[in-house]
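Report on the structure given below.
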Amino acid sequence: MKYRKFGKIGIEISEISLGTWQLGGKWGDDFNNEVAQNTLSSATNKGINCFDTADVYQDQNSEKAIGKFIKTVDKKPFIITKSGRQLDPHNAEGYNEKNIRDFINQSRQRLDVEALDMVLLHCPPTDVYYNPEVFDFMDKFKEEGLIKHYGVSVERIEEGLKAMNYPGVEAIEIIFNMFRLRPSELFFEEAKKNNIGVIVRVPLASGLLTGKFDENTTFGPDDHRTFNRNGEAFDKGETFSGVDFKQGLKAVSELKKVFKTDNLAPYALKYILMFDAVSTVIPGASKESHIVNNVETVDMPDLTKEQMDEVKRIYDTYIKKPVHHLW
């Protein structure tokens with residue numbers, strides 16, 4: 001494993017961390033705690049020192065499983081958890097001191113820790129970023145010892161840039177991958193200027209960039225890749241990075257020609273790590289073998305300029321027009 005500076009937080013974070021939305025089983029499957037514990041153990045054995053979770057992942061079982069696991073290891077990984085998506089309705093008014101305090105305290109109980117390592121506001125509505133009171137009470141929670149660090153998980157570039165105006169924001173989680181290139185235009189440079197840790201989520205575009213799917217691929221009824229393709233349940237950009245599935249397959253076919261393989265996942269992850277503004281990438285894993293495959297990316301040779309240029313060409317040809325301006 002290789003490690004990078006995590007913004008101004010003062011720690012070294014593994015280039016590949018673990019996203020735990022799928023922990024303990026695939027999306028829509030019943031949660032399996034044994035699989036979850038084995039996955040977490042495999043991650044730490046491979047040098048991963050950061051887990052990314054949320055209070056809504058796997059019906060809160062993701063946090064509980066991590067809380068159980070960290071009691072079994074001498075060196076505890078850095079735990080990032082997200083807060084806010086329990087709100088119903090999920091609106092800006094819900095991001096008040098009482099609600100977020102309650103959510104943080106519930107996460108502390110599930111993870112069984114005195115203070116959360118880091119809390120990210122979980123893709124709040126855009127209006128939240130223009131309300132300084134929200135960031136004031138996050139500072140207050142830090143002073144009270146409920147949390148050690150905080151930041152935001154964003155849907156849109158605008159939100160990430162606005163969040164950087166608040167001194168207490170230490171990290172921003174954002175979607176960036178071969179099908180979502182806009183962050184590389186301005187956001188990354190501003191993050192470096194402000195010494196902000198950058199956590200890249202949805203690195204494989206919900207699996208589309210693995211190269212394993214075709215037009216006959218189906219997903220379970222409780223899998224967001226079935227029910228959220230047009231944003232029916234949450235932001236459309238969370239599912240296949242907002243790319244139309246069939247259009248994405250055309251781009252994937254071109255990428256396979258560039259990299260001369262049907263297994264695009266390692267190249268998709270390596271592409272992200274080619275950007276020095278990125279602190280860590282958080283691919284998900286529903287079983288141990290996913291961990292092994294993800295970590296192998298770290299030791300791959302850098303992509304060539306020709307390969308990087310080809311990714312941009314394919315993006316411009318197949319993806320940019322319908323997607324680029326939306327997020």
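Letters A, B, ... go to the chains of the structure tokens in the order shown; residues in each chain start at 1; ligands are counted from 1 in the same order.
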**Contacts of Asn263 (chain A) within 8 Å, only C-alpha atoms, excl. fewer than 6 positions in-chain, as a PyMOL selection string** = chain A and resi 210-212+256
Those selected residues, please, written with N, CA and C atoms and delivered as a CSV table (one decimal), in the first residue's frame.
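Resulting contents of result.csv:
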```csv
chain,number,residue,atom,x,y,z
A,210,THR,N,-16.1,-1.3,-14.4
A,210,THR,CA,-15.3,-2.6,-14.2
A,210,THR,C,-15.2,-3.3,-15.6
A,211,GLY,N,-16.1,-3.1,-16.5
A,211,GLY,CA,-16.1,-3.7,-17.8
A,211,GLY,C,-16.8,-5.1,-17.8
A,212,LYS,N,-17.5,-5.4,-16.7
A,212,LYS,CA,-18.2,-6.7,-16.5
A,212,LYS,C,-19.6,-6.7,-17.0
A,256,LYS,N,-11.9,-0.5,-23.4
A,256,LYS,CA,-11.3,-1.8,-23.4
A,256,LYS,C,-10.3,-1.9,-24.5
```
Could I get the residues of region 186-269 of chain A with an atom no further than 9 Å from an atom of region 294-306 of chain A, each paired with its nearest atom pair and that distance in Å to one decimal, using only C-alpha atoms, sorted by chain and residue number, as JSON lines?
```
{"residue": "A:Ala265", "atom": "CA", "partner": "A:Asn294", "partner_atom": "CA", "distance": 7.8}
{"residue": "A:Pro266", "atom": "CA", "partner": "A:Thr297", "partner_atom": "CA", "distance": 5.2}
{"residue": "A:Tyr267", "atom": "CA", "partner": "A:Thr297", "partner_atom": "CA", "distance": 7.5}
{"residue": "A:Leu269", "atom": "CA", "partner": "A:Thr297", "partner_atom": "CA", "distance": 6.7}
```
**Contacts of region 177-188 of chain A within 7 Å, only C-alpha atoms, excl. fewer than 4 positions in-chain, as a list in words** =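 Within the cut-off, the hits are Ile157, Leu161, Lys192, Pro203, Leu204, Ser241, Ala268, Ile272, Ala277, Val311, Tyr315, Ile319 and His324 of chain A.
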**Prompt:** When DSSP works through the backbone of this structure, what residues of region 51-249 of chain A end up as strand (DSSP E or B), shown as a PyMOL selection string?
**Reply:** chain A and resi 51-52+78-83+116-122+147-153+169-175+177+180+197-201
Sorted by chain and rising residue number, list the residues of region 177-295 of chain A at most 8 Å from region 4-27 of chain A (counting only C-alpha atoms), each with its closest atom pair and distance in Å to one decimal, as CSV.
```
residue,atom,partner,partner_atom,distance
A:Asn195,CA,A:Gly7,CA,4.9
A:Ile196,CA,A:Gly7,CA,4.6
A:Gly197,CA,A:Gly7,CA,4.0
A:Val198,CA,A:Gly7,CA,7.5
A:Arg201,CA,A:Gly19,CA,7.9
A:Asp222,CA,A:Trp27,CA,7.0
A:Asp223,CA,A:Trp27,CA,5.1
A:His224,CA,A:Trp27,CA,7.4
A:Leu273,CA,A:Glu15,CA,7.5
A:Ser279,CA,A:Phe6,CA,5.6
A:Thr280,CA,A:Glu15,CA,4.5
A:Val281,CA,A:Ile16,CA,5.1
A:Ile282,CA,A:Gly19,CA,4.8
A:Pro283,CA,A:Gly19,CA,5.4
A:Gly284,CA,A:Gly19,CA,4.3
A:Ala285,CA,A:Gln22,CA,6.2
A:Ser286,CA,A:Gly25,CA,4.9
A:Lys287,CA,A:Gly25,CA,7.2
A:Asn294,CA,A:Ile16,CA,7.3
A:Val295,CA,A:Ile16,CA,6.4
```
**Message:** Could you list, as a list of chain:residue names, every residue within 10 Å of Asn230 (chain A), counting only C-alpha atoms and ignoring same-chain residues fewer than 5 positions away?
**Reply:**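 Result of the neighbour search: A:Arg225, A:Asp235, A:Lys236, A:Gly237, A:Thr239, A:Gly242, A:Val243, A:Asp244.
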Pull the closest atom pair for each residue of region 29-74 of chain A that gets at most 10 Å from region 95-112 of chain A, along with the distance in Å to one decimal, counting only C-alpha atoms, ordering rows by chain and then ascending residue number, as CSV.
```
residue,atom,partner,partner_atom,distance
A:Ala54,CA,A:Ser107,CA,8.5
A:Asp55,CA,A:Ser107,CA,6.4
A:Gln60,CA,A:Arg110,CA,8.0
A:Asn61,CA,A:Arg110,CA,8.6
A:Ser62,CA,A:Arg110,CA,9.2
A:Glu63,CA,A:Leu111,CA,5.7
A:Lys64,CA,A:Arg110,CA,4.9
A:Ala65,CA,A:Leu111,CA,8.0
A:Ile66,CA,A:Leu111,CA,6.5
A:Gly67,CA,A:Leu111,CA,3.9
A:Lys68,CA,A:Leu111,CA,7.4
A:Phe69,CA,A:Leu111,CA,9.3
A:Ile70,CA,A:Leu111,CA,8.6
A:Lys71,CA,A:Asp112,CA,9.2
```
If you run DSSP on the backbone here, which positions in region 97-210 of chain A get alpha helix (DSSP H)? Please write them as a tab-separated table (two decimals) with N, CA and C atoms, in the first residue's frame.
```
chain	number	residue	atom	x	y	z
A	97	GLU	N	-28.92	22.06	14.32
A	97	GLU	CA	-28.03	21.57	15.36
A	97	GLU	C	-28.59	20.34	16.07
A	98	LYS	N	-29.87	20.34	16.38
A	98	LYS	CA	-30.45	19.22	17.11
A	98	LYS	C	-30.39	17.93	16.29
A	99	ASN	N	-30.83	18.00	15.04
A	99	ASN	CA	-30.86	16.79	14.22
A	99	ASN	C	-29.47	16.20	14.01
A	100	ILE	N	-28.52	17.04	13.63
A	100	ILE	CA	-27.19	16.53	13.34
A	100	ILE	C	-26.51	16.05	14.62
A	101	ARG	N	-26.75	16.74	15.73
A	101	ARG	CA	-26.22	16.27	17.02
A	101	ARG	C	-26.76	14.88	17.33
A	102	ASP	N	-28.07	14.69	17.14
A	102	ASP	CA	-28.68	13.38	17.40
A	102	ASP	C	-28.06	12.31	16.51
A	103	PHE	N	-27.89	12.63	15.23
A	103	PHE	CA	-27.32	11.65	14.30
A	103	PHE	C	-25.88	11.30	14.69
A	104	ILE	N	-25.12	12.30	15.08
A	104	ILE	CA	-23.73	12.07	15.48
A	104	ILE	C	-23.67	11.19	16.73
A	105	ASN	N	-24.53	11.48	17.69
A	105	ASN	CA	-24.53	10.67	18.91
A	105	ASN	C	-24.95	9.23	18.63
A	106	GLN	N	-25.87	9.03	17.68
A	106	GLN	CA	-26.27	7.68	17.32
A	106	GLN	C	-25.11	6.93	16.64
A	107	SER	N	-24.37	7.65	15.80
A	107	SER	CA	-23.21	7.03	15.16
A	107	SER	C	-22.14	6.69	16.18
A	108	ARG	N	-21.95	7.56	17.16
A	108	ARG	CA	-20.98	7.27	18.22
A	108	ARG	C	-21.36	5.98	18.95
A	109	GLN	N	-22.65	5.79	19.18
A	109	GLN	CA	-23.11	4.57	19.87
A	109	GLN	C	-22.88	3.34	19.00
A	110	ARG	N	-23.22	3.43	17.72
A	110	ARG	CA	-23.06	2.26	16.85
A	110	ARG	C	-21.59	1.90	16.65
A	111	LEU	N	-20.76	2.92	16.50
A	111	LEU	CA	-19.32	2.67	16.35
A	111	LEU	C	-18.64	2.44	17.69
A	132	PRO	N	-24.04	29.63	7.08
A	132	PRO	CA	-22.88	29.53	7.98
A	132	PRO	C	-23.20	28.90	9.32
A	133	GLU	N	-24.46	28.97	9.77
A	133	GLU	CA	-24.81	28.40	11.06
A	133	GLU	C	-24.55	26.89	11.11
A	134	VAL	N	-24.72	26.22	9.98
A	134	VAL	CA	-24.48	24.78	9.95
A	134	VAL	C	-23.02	24.49	10.29
A	135	PHE	N	-22.12	25.26	9.71
A	135	PHE	CA	-20.69	25.02	9.93
A	135	PHE	C	-20.26	25.53	11.30
A	136	ASP	N	-21.01	26.49	11.84
A	136	ASP	CA	-20.75	26.94	13.21
A	136	ASP	C	-21.04	25.82	14.21
A	137	PHE	N	-22.17	25.12	14.02
A	137	PHE	CA	-22.45	24.06	15.01
A	137	PHE	C	-21.57	22.84	14.78
A	138	MET	N	-21.08	22.65	13.57
A	138	MET	CA	-20.08	21.58	13.37
A	138	MET	C	-18.79	21.90	14.13
A	139	ASP	N	-18.40	23.17	14.10
A	139	ASP	CA	-17.24	23.60	14.90
A	139	ASP	C	-17.51	23.36	16.39
A	140	LYS	N	-18.74	23.62	16.80
A	140	LYS	CA	-19.12	23.42	18.20
A	140	LYS	C	-19.01	21.95	18.60
A	141	PHE	N	-19.48	21.07	17.73
A	141	PHE	CA	-19.39	19.63	18.03
A	141	PHE	C	-17.93	19.21	18.19
A	142	LYS	N	-17.07	19.80	17.39
A	142	LYS	CA	-15.64	19.49	17.48
A	142	LYS	C	-15.09	19.98	18.82
A	143	GLU	N	-15.47	21.18	19.22
A	143	GLU	CA	-15.01	21.73	20.50
A	143	GLU	C	-15.52	20.89	21.67
A	144	GLU	N	-16.71	20.34	21.53
A	144	GLU	CA	-17.29	19.52	22.60
A	144	GLU	C	-16.68	18.12	22.67
A	157	ILE	N	-19.93	20.40	-8.06
A	157	ILE	CA	-18.70	21.18	-7.94
A	157	ILE	C	-18.96	22.46	-7.15
A	158	GLU	N	-20.04	23.14	-7.44
A	158	GLU	CA	-20.37	24.39	-6.74
A	158	GLU	C	-20.38	24.20	-5.24
A	159	GLU	N	-20.93	23.09	-4.79
A	159	GLU	CA	-21.03	22.83	-3.36
A	159	GLU	C	-19.65	22.63	-2.74
A	160	GLY	N	-18.79	21.91	-3.45
A	160	GLY	CA	-17.44	21.69	-2.94
A	160	GLY	C	-16.65	22.99	-2.85
A	161	LEU	N	-16.77	23.83	-3.86
A	161	LEU	CA	-16.05	25.10	-3.86
A	161	LEU	C	-16.57	26.01	-2.74
A	162	LYS	N	-17.87	26.02	-2.54
A	162	LYS	CA	-18.44	26.84	-1.46
A	162	LYS	C	-18.00	26.32	-0.09
A	163	ALA	N	-17.95	25.01	0.07
A	163	ALA	CA	-17.56	24.43	1.37
A	163	ALA	C	-16.16	24.83	1.77
A	187	PHE	N	-11.91	22.21	-9.42
A	187	PHE	CA	-12.06	21.76	-8.03
A	187	PHE	C	-10.75	21.25	-7.45
A	188	PHE	N	-10.03	20.42	-8.19
A	188	PHE	CA	-8.80	19.86	-7.65
A	188	PHE	C	-7.77	20.94	-7.33
A	189	GLU	N	-7.63	21.91	-8.19
A	189	GLU	CA	-6.66	22.98	-7.95
A	189	GLU	C	-7.03	23.79	-6.71
A	190	GLU	N	-8.30	24.08	-6.55
A	190	GLU	CA	-8.74	24.83	-5.37
A	190	GLU	C	-8.56	24.01	-4.10
A	191	ALA	N	-8.79	22.71	-4.19
A	191	ALA	CA	-8.59	21.86	-3.02
A	191	ALA	C	-7.13	21.87	-2.59
A	192	LYS	N	-6.23	21.83	-3.56
A	192	LYS	CA	-4.80	21.88	-3.22
A	192	LYS	C	-4.43	23.22	-2.59
A	193	LYS	N	-4.96	24.30	-3.14
A	193	LYS	CA	-4.67	25.63	-2.59
A	193	LYS	C	-5.13	25.75	-1.14
```
**Request:** Please identify all polymer residues within 7 Å of region 75-79 of chain A, counting only C-alpha atoms, omitting same-chain residues fewer than 3 positions from it, and present them as a VMD selection string.
**Result:** chain A and resid 49 to 52 70 117 to 118
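Put simply, CA of Ala171 (chain A) is 8.5 Å away from CA of Ser153 (chain A).
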**Complete:** Shortest contact to Leu116 (chain A), candidates A:Asn228, A:Gln58, A:Thr81, A:Gln247, atoms counted only C-alpha atoms, goes to A:Thr81
**Atom-to-atom span, CA of Met1 (chain A) and CA of Gly47 (chain A), Å** =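 Taking CA of Met1 (chain A) as the start and CA of Gly47 (chain A) as the end point, the length is 5.5 Å.
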**Item:** Interatomic distance, CA of Asn33 (chain A) to CA of His122 (chain A) (Å, one decimal)
**Value:** 24.3 Å
**Request:** Give me the residues within 6 Å of Thr39 (chain A) as a ChimeraX atom specification, counting only C-alpha atoms and dropping any in the same chain fewer than 2 places off.
**Result:** /A:36-37,41-42,287-288
Using C-alpha atoms, can you write the selected residues to a file as a JSON list (two decimals), in the first residue's frame?
```
[["chain", "number", "residue", "atom", "x", "y", "z"],
["A", 36, "ALA", "CA", -18.51, -7.95, 6.70],
["A", 37, "GLN", "CA", -15.92, -8.84, 9.35],
["A", 41, "SER", "CA", -10.05, -7.74, 8.19],
["A", 42, "SER", "CA", -8.84, -8.26, 4.63],
["A", 287, "LYS", "CA", -16.32, -9.61, -0.37],
["A", 288, "GLU", "CA", -12.62, -10.16, 0.29]]
```
**Request:** Mind checking which residues fall within 7 Å of Val119 (chain A), counting only C-alpha atoms, ignoring those fewer than 4 positions away in the same chain, and posting them as an MDAnalysis selection string?
**Result:** chainID A and resid 80:83 147 149:151
